[in-house]
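These notes concern the structure reproduced below.
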Amino acid sequence: MRSSDVYKWCWTRLPLAFFPQFCYHVPMSDIILENPALEQQEVVDAELEQMAKAGVHFGHAKTKNHPAMAPYIFGMRNTVSILDLVKTKTHLHIALQFLHDTAAKGGIILLVGTKPSARKLILEMATQTSMPYFVERWIGGTLTNFKVIAKRVEYMETLEQEKATGELEKYTKREQLKKGEEVSRLKKFFNGLRRLKKLPDALFVADVTHDTTAIREAKRLRIPVVALVDTNSDPRGIDFPIPANDDALPALRYMLGRIGAAITEGERQQETHQDKNAAQVLPT
């Protein structure tokens, strides 16, 4: 399907309610049918239709575009950049296949989304996939100085165990209060890293411009990076870039839902493979 067919449908048939709230500056007059003949056209590709309804194709204002994103931009609409959903679909499928294969091999994928709008969705995806996550401010050295971070996580778990078993009662009330505050602080930053017992096999980032340090550390350690790249992002250095709106909640929910489903399917395949191997070694 041609990209032009998709966007003719987007601008002439979708109600404004489907568009992200931050795109309120697109006047309704620009969405009014310009060619009556287009009213009879339908989008055959259901996946592109779903992306359009979620607002995945909306980028930033032209003045905020990154030059490296030019190949992924279909055009402009009232100074608003419009991403090419056909290219988004292609890159999304490549990224989904990589994430699925990584999870199917028992690999660990660290989910990173420190931007407030992405935190809840990343937490939901981490719960669904049982993968480690990072939703608070990125701690420098989380990857490049992993041994130290792992010790902090271990210390946090030790304090939690002492608190649960009552071992902290041997300290004074003031010391107990300080240790309780320390546990809360450690959990805020490292709670999602409990499952990260080694360096991850891949990194997923919900916003490239917001988590540049995480990407820089991953590239330094040659860890593959999958990321959503909006029109104001630099896709260079991202192993599996997915051109998409990374600001609007409907778009994020759609994209992260697809990514979470791919990881979950890979984990399920890996568990099935383990069960088969375990059945083969059992004595008859």
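To be explicit about the labels: the chains of the structure tokens are called A, B, and onward in the order shown, and within each one the residues are counted from 1, while ligands get numbers from 1 in the order they are shown.
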
DSSP on the backbone, then: every residue of region 48-171 of chain A marked strand (DSSP E or B), written as number ranges by chain. A: 58-61, 73-77, 80-83, 109-112, 133-134

Best match for closeness to Thr213 (chain A) among A:Lys178, A:Lys87, A:Lys197, A:Arg137, counting only C-alpha atoms: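 The answer is A:Arg137, which sits nearest to Thr213 (chain A).
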
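Nearest to Asn145 (chain A) of all the residues A:Lys120, A:Lys89, A:Arg185, A:Arg220 is A:Arg220, counting only C-alpha atoms.
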
Where in region 134-265 of chain A does DSSP assign helix (DSSP H, G or I), given as number ranges by chain? A: 146-165, 167-170, 173-193, 212-220, 249-265

Go ahead and write the selection's residues with C-alpha atoms as a compact mmCIF listing (two decimals), in the first residue's frame.
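The result, stored in selection38.txt:
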# COMPACT_ATOMS: atom_id res chain seq x y z
CA PHE A 146 27.12 -2.70 36.62
CA LYS A 147 29.05 -4.48 39.39
CA VAL A 148 28.58 -1.55 41.76
CA ILE A 149 24.89 -1.23 40.85
CA ALA A 150 24.39 -4.95 41.42
CA LYS A 151 25.87 -4.59 44.91
CA ARG A 152 23.44 -1.77 45.68
CA VAL A 153 20.54 -3.96 44.59
CA GLU A 154 21.87 -6.78 46.75
CA TYR A 155 22.21 -4.40 49.70
CA MET A 156 18.62 -3.24 49.19
CA GLU A 157 17.36 -6.82 49.26
CA THR A 158 19.41 -7.50 52.41
CA LEU A 159 17.85 -4.54 54.20
CA GLU A 160 14.38 -5.66 53.13
CA GLN A 161 15.03 -9.14 54.48
CA GLU A 162 16.31 -7.78 57.79
CA LYS A 163 13.24 -5.58 58.09
CA ALA A 164 10.90 -8.48 57.34
CA THR A 165 12.58 -10.82 59.85
CA GLU A 167 16.56 -8.02 62.65
CA LEU A 168 16.43 -4.22 62.51
CA GLU A 169 14.87 -4.14 65.98
CA LYS A 170 18.32 -4.47 67.52
CA LYS A 173 14.64 3.85 66.73
CA ARG A 174 16.67 6.55 65.04
CA GLU A 175 18.82 3.99 63.24
CA GLN A 176 15.76 1.99 62.24
CA LEU A 177 14.22 5.14 60.78
CA LYS A 178 17.35 5.90 58.77
CA LYS A 179 17.54 2.36 57.42
CA GLY A 180 13.85 2.49 56.51
CA GLU A 181 14.42 5.72 54.57
CA GLU A 182 17.42 4.15 52.85
CA VAL A 183 15.33 1.17 51.77
CA SER A 184 12.68 3.49 50.31
CA ARG A 185 15.29 5.47 48.43
CA LEU A 186 16.98 2.36 47.04
CA LYS A 187 13.64 0.87 45.97
CA LYS A 188 12.74 4.06 44.13
CA PHE A 189 15.71 3.70 41.79
CA PHE A 190 16.62 0.01 41.83
CA ASN A 191 13.36 -1.84 42.40
CA GLY A 192 13.07 -2.67 38.71
CA LEU A 193 16.59 -4.10 38.54
CA THR A 212 20.51 9.62 26.03
CA THR A 213 22.78 8.45 28.86
CA ALA A 214 21.24 4.98 28.87
CA ILE A 215 21.72 4.70 25.11
CA ARG A 216 25.30 5.96 25.33
CA GLU A 217 26.17 3.34 27.95
CA ALA A 218 24.52 0.57 25.92
CA LYS A 219 26.44 1.53 22.79
CA ARG A 220 29.68 1.61 24.74
CA LEU A 249 -0.39 8.48 25.37
CA PRO A 250 -2.53 6.63 22.76
CA ALA A 251 0.48 6.24 20.47
CA LEU A 252 2.71 5.08 23.31
CA ARG A 253 0.07 2.62 24.51
CA TYR A 254 -0.25 1.14 21.04
CA MET A 255 3.48 0.83 20.35
CA LEU A 256 4.41 -0.48 23.80
CA GLY A 257 1.50 -2.90 23.63
CA ARG A 258 2.86 -4.36 20.40
CA ILE A 259 6.37 -4.57 21.82
CA GLY A 260 5.20 -6.14 25.06
CA ALA A 261 3.19 -8.75 23.15
CA ALA A 262 6.24 -9.72 21.08
CA ILE A 263 8.41 -10.14 24.18
CA THR A 264 5.70 -12.14 25.95
CA GLU A 265 5.35 -14.46 22.97

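Residues in contact with region 237-245 of chain A at up to 7 Å, not including ones fewer than 4 positions away on its chain and judged by only C-alpha atoms, are Val56, His57, Phe58, Gly59, Tyr72, Thr88, His91, Leu92, Ala95, Pro224, Val225, Val226, Ala227, Leu228, Val229, Asp230 and Ala251 of chain A.
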
For Thr272 (chain A), which of A:Phe74, A:Gln97, A:Gly55, A:Ala104 is the closest residue, counting only C-alpha atoms?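 Of the candidates, the smallest distance to Thr272 (chain A) is held by A:Ala104.
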
May I have the residues within 10 Å of Pro71 (chain A) as a list in words, using only C-alpha atoms and disregarding those fewer than 2 positions away in the same chain?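 The filter keeps Pro67, Ala68, Met69, Ile73, Phe74, Leu83, Asp84 and Lys87 of chain A.
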
With N, CA and C atoms retained, could you export that selection as a short mmCIF file (atom, residue, chain, number, x, y, z; two decimals), in the first residue's frame?
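Result went into out.cif, see below:
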data_model
loop_
_atom_site.label_atom_id
_atom_site.label_comp_id
_atom_site.auth_asym_id
_atom_site.auth_seq_id
_atom_site.Cartn_x
_atom_site.Cartn_y
_atom_site.Cartn_z
N PRO A 67 17.53 16.56 11.47
CA PRO A 67 17.82 16.29 10.05
C PRO A 67 17.89 14.81 9.70
N ALA A 68 18.36 13.99 10.64
CA ALA A 68 18.50 12.56 10.35
C ALA A 68 17.16 11.85 10.25
N MET A 69 16.07 12.51 10.66
CA MET A 69 14.75 11.89 10.58
C MET A 69 14.06 12.17 9.25
N ILE A 73 9.98 10.99 7.30
CA ILE A 73 8.89 11.96 7.32
C ILE A 73 8.17 11.94 5.97
N PHE A 74 6.86 11.76 6.02
CA PHE A 74 6.05 11.72 4.80
C PHE A 74 5.78 13.11 4.27
N LEU A 83 4.79 11.44 10.04
CA LEU A 83 5.67 10.29 9.79
C LEU A 83 5.05 9.35 8.77
N ASP A 84 5.91 8.67 8.04
CA ASP A 84 5.47 7.70 7.04
C ASP A 84 5.14 6.39 7.75
N LYS A 87 6.78 3.09 6.53
CA LYS A 87 8.13 2.85 7.03
C LYS A 87 8.10 2.50 8.52
#

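One finds CA of Glu124 (chain A) at 22.8 Å from CA of Leu143 (chain A).
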
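Taking CA of His100 (chain A) and CA of Ala202 (chain A) as the two end points, the separation is 11.2 Å.
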
Any idea what's packed within 7 Å of Val112 (chain A), counting only C-alpha atoms, ignoring anything in its chain fewer than 6 positions away? Could you give it as an NGL selection string? :A and (133-135 or 204-206)

Written selection (C-alpha atoms) as a short mmCIF file (atom, residue, chain, number, x, y, z; two decimals), in the first residue's frame:
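Heads up, here's the output in selection-v8.cif:
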data_model
loop_
_atom_site.label_atom_id
_atom_site.label_comp_id
_atom_site.auth_asym_id
_atom_site.auth_seq_id
_atom_site.Cartn_x
_atom_site.Cartn_y
_atom_site.Cartn_z
CA TYR A 133 12.87 -1.99 33.99
CA PHE A 134 14.04 1.52 34.82
CA VAL A 135 11.43 4.29 35.18
CA PHE A 204 14.40 -0.86 24.83
CA VAL A 205 14.01 2.91 25.19
CA ALA A 206 10.67 4.70 24.97
#

For Gly113 (chain A), the closest of A:Thr90, A:Thr172, A:Asn65, A:Thr209 counting only C-alpha atoms is A:Thr209
